[in-house]
Number of protein chains: 2
Amino acid sequence: MSQSLFYSQYTRYYVAVDCVIFGFNGDDLDLMLIKRSFNPGKGEWALPGGFIEPNESAAQASKRILKEHTGISDVYLEQYYTFTDVDRDPGARIISIAYYALIKVEESNNELVSLHNAYWKKVSVLPKLMFDHGAIAEKALDQLRLKAKHQPIGFELLPECFTIPQLQKLYEAIYQKKYDKRNFRKKIAHLGLMEKLNVKDKTGSKRGAFLYKFNKSKYKILADKGIAFEI
Amino acid sequence: MSQSLFYSQYTRYYVAVDCVIFGFNGDDLDLMLIKRSFNPGKGEWALPGGFIEPNESAAQASKRILKEHTGISDVYLEQYYTFTDVDRDPGARIISIAYYALIKVEESNNELVSLHNAYWKKVSVLPKLMFDHGAIAEKALDQLRLKAKHQPIGFELLPECFTIPQLQKLYEAIYQKKYDKRNFRKKIAHLGLMEKLNVKDKTGSKRGAFLYKFNKSKYKILADKGIAFEI
DNA sequence: GCAAAAGTGTTCGGGCTACACCCATGA
DNA sequence: TCATGGGTGTAGCCCGAACACTTTTGC
């Protein structure tokens, strides 16, 4: 085995990825949790996850798991921490590389979701999770909050076209905090990255609210110039 | 083996930690690099690192490596990314959990440093590194820059007592950017977290500059109240 | 006395906050 | 016509950026 040539005296470990999958339902920020049907941890709530295969990177493994659970292959994924405590899994020593994903819930395949015993749960009132998955989820939320301030990742949770009130509700759900709608609008407008469409969404109100698109390419040009996004 | 009870069908991998050790010499931000004396990668520049032992977490492993290379055991350490590309190490598949460390160079044991063929190299002009270590170091620098804006981690690179010009030079080295000294002083003073000592440091100038200490406990109180640190 | 670094204030503009009313529409 | 959410402007304050001269002292 060439694998052993230099390093054979060292121990090898199981390495898994765990995915903290965020979705936004219009009011709450949700997280996809699995009701575990097998041991260890049978009957408990857990994060979707799986072992890394020999031919794939951790990013590929988490994409695979994302696709298995939602049917979506083009997903915003961010690796944020690796959990290595010796006793974190009672079944064996497992090192777990954690990713959080932002998905547009309306694109996810509900049949696949239920097939995996997966449910959307509000992040504001999460149940107790198996092993250290509670800490894994908490840290994901911290990282999401940190990142969403400086990078336009919120849009990954919204449909391509969305209204300003929807966007505001999303940020309110992420930060668990109300914003003044006039100031919020001003800040968004000031970014200069929104394309207003001449179409209204009437699902949220009688009057209807204008739809907007986020101009990703314009953002990239600004980002390359070193101009910061801030929300 | 209980290790195999649930998971025996899965592959196990070597898991290492790599440490990006930052130090500040008064002018430049430095990084500790090893001139490798063994294969794979013999003769190339590499990050200090090592394999995780069965009885230790990744954090413990990186502390161990830090201590081996510098003699210091109380070190600011931050895990920031895990590198998992299948072919990242030509010798075998190795998953590497990367940490960056901030140390006070004056506390490090130079004999230990040279014993490991380690050298301090300016981050502004790094040599080519072995395997993906260049990318690992780059990402560490990105993370350091991100974090140093919002958390008082710069002080980990300075002696306990330092002057304002020293502090300014440190931030200039981190961000590769000059600051106006009047504005810098104001910003620092405005934090209200510096204790001015009635002692001057005369090593940097004839006139001498007053020494200060960072008031960690005061910072913690503010941080717990949710008051942000910003620099 | 001069070189070299330390130390100090003011002005201006932009962005953040706080705040209240009219608009459009479906029921 | 009324209830519901969409949409708009202004005033005050604070903060960050720009900018130049005096002080101290070792040589």
# chains A, B, ... in the order shown; residues from 1 in each chain; ligands from 1
>>> residues_around(residues="DG6 of chain D", least_positions_apart="5", cutoff="9 Å", atoms="only C-alpha atoms (C1' of nucleotides)", output="PyMOL selection string")
(chain A and resi 165+205+207-210) or (chain C and resi 23-24)
>>> residues_around(residues="Val199 of chain A", least_positions_apart="2", cutoff="12 Å", atoms="only C-alpha atoms (C1' of nucleotides)", output="ChimeraX atom specification")
/A:161-163,195-197,201-202,208-213
>>> closest_atom_pairs(of="segment 89-154 of chain A", to="segment 73-90 of chain B", cutoff="12 Å", atoms="only C-alpha atoms", output="Markdown table")
| residue | atom | partner | partner_atom | distance |
| --- | --- | --- | --- | --- |
| A:Ile95 | CA | B:Thr82 | CA | 11.0 |
| A:Ser96 | CA | B:Thr82 | CA | 10.3 |
| A:Ile97 | CA | B:Thr82 | CA | 7.4 |
| A:Ala98 | CA | B:Thr82 | CA | 9.6 |
| A:Tyr99 | CA | B:Tyr81 | CA | 10.8 |
| A:Gln143 | CA | B:Tyr80 | CA | 11.6 |
>>> residues_around(residues="DA18 of chain C", least_positions_apart="5", cutoff="12 Å", atoms="only C-alpha atoms (C1' of nucleotides)", output="tab-separated table (two decimals) with N, CA and C atoms (P, O5', C5', C4', C3', O3' and C1' of nucleotides), in the first residue's frame")
chain	number	residue	atom	x	y	z
A	179	TYR	N	-36.22	45.51	12.50
A	179	TYR	CA	-35.60	46.68	11.88
A	179	TYR	C	-36.67	47.68	11.49
A	180	ASP	N	-36.30	48.94	11.46
A	180	ASP	CA	-37.19	49.98	10.95
A	180	ASP	C	-37.26	49.87	9.43
A	181	LYS	N	-38.47	49.81	8.90
A	181	LYS	CA	-38.57	49.51	7.47
A	181	LYS	C	-38.05	50.64	6.59
A	182	ARG	N	-38.17	51.88	7.07
A	182	ARG	CA	-37.64	52.98	6.25
A	182	ARG	C	-36.12	52.91	6.18
A	183	ASN	N	-35.50	52.70	7.34
A	183	ASN	CA	-34.04	52.61	7.36
A	183	ASN	C	-33.54	51.39	6.62
D	10	DT	P	-37.57	65.77	2.83
D	10	DT	O5'	-37.57	66.30	4.33
D	10	DT	C5'	-38.56	65.86	5.27
D	10	DT	C4'	-37.96	65.96	6.66
D	10	DT	C3'	-36.65	66.74	6.74
D	10	DT	O3'	-36.61	67.48	7.94
D	10	DT	C1'	-36.30	64.61	7.61
D	11	DA	P	-35.62	68.70	8.07
D	11	DA	O5'	-35.40	68.79	9.64
D	11	DA	C5'	-36.23	68.04	10.54
D	11	DA	C4'	-35.35	67.51	11.67
D	11	DA	C3'	-34.08	68.32	11.88
D	11	DA	O3'	-33.87	68.48	13.28
D	11	DA	C1'	-33.51	66.07	11.49
D	12	DG	P	-32.59	69.24	13.82
D	12	DG	O5'	-31.82	68.11	14.63
D	12	DG	C5'	-32.51	67.31	15.60
D	12	DG	C4'	-31.55	66.25	16.11
D	12	DG	C3'	-30.18	66.82	16.53
D	12	DG	O3'	-29.81	66.25	17.78
D	12	DG	C1'	-29.89	65.13	14.86
D	13	DC	P	-28.46	66.62	18.45
D	13	DC	O5'	-27.64	65.25	18.31
D	13	DC	C5'	-28.33	63.99	18.39
D	13	DC	C4'	-27.33	62.90	18.06
D	13	DC	C3'	-25.91	63.24	18.51
D	13	DC	O3'	-25.36	62.09	19.14
D	13	DC	C1'	-25.94	62.75	16.18
>>> residues_around(residues="DT22 of chain D", least_positions_apart="5", cutoff="12 Å", atoms="only C-alpha atoms (C1' of nucleotides)", output="list in words")
DA6, DG7 and DT8 of chain C
>>> residues_around(residues="Ile94 of chain A", least_positions_apart="2", cutoff="7 Å", atoms="only C-alpha atoms (C1' of nucleotides)", output="MDAnalysis selection string")
chainID A and resid 13:16 89 92 96
>>> write_last_selection(atoms="C-alpha atoms", output="JSON list (two decimals), in the first residue's frame")
[["chain", "number", "residue", "atom", "x", "y", "z"],
["A", 13, "TYR", "CA", -10.02, 7.87, 11.93],
["A", 14, "TYR", "CA", -13.52, 7.90, 10.57],
["A", 15, "VAL", "CA", -14.25, 11.29, 9.06],
["A", 16, "ALA", "CA", -17.78, 12.48, 8.46],
["A", 89, "ASP", "CA", -19.75, 10.01, 19.22],
["A", 92, "ALA", "CA", -16.56, 5.28, 17.67],
["A", 96, "SER", "CA", -16.85, 15.59, 11.84]]
>>> atom_distance(atom1="atom CA of Glu156 of chain B", atom2="atom CA of Lys104 of chain B")
6.5 Å
>>> residues_around(residues="segment 118-127 of chain A", least_positions_apart="3", cutoff="6 Å", atoms="only C-alpha atoms (C1' of nucleotides)", output="NGL selection string")
:A and (29-34 or 113-114)
>>> select_by_dssp(residues="segment 9-85 of chain A", states="alpha helix (DSSP H)", output="list in words")
Ala58, Ala59, Gln60, Ala61, Ser62, Lys63, Arg64, Ile65, Leu66, Lys67, Glu68, His69 and Thr70 of chain A
>>> residues_around(residues="Ala137 of chain B", least_positions_apart="4", cutoff="7 Å", atoms="only C-alpha atoms (C1' of nucleotides)", output="list in words")
Val20, His133 and Leu141 of chain B
>>> write_last_selection(atoms="C-alpha atoms", output="PDB file, in the first residue's frame")
ATOM      1  CA  VAL B  20       0.054  28.729  10.998  1.00  0.00           C
ATOM      2  CA  HIS B 133       0.460  24.799   2.562  1.00  0.00           C
ATOM      3  CA  LEU B 141      -4.074  35.353   7.037  1.00  0.00           C
TER       4      LEU B 141
END
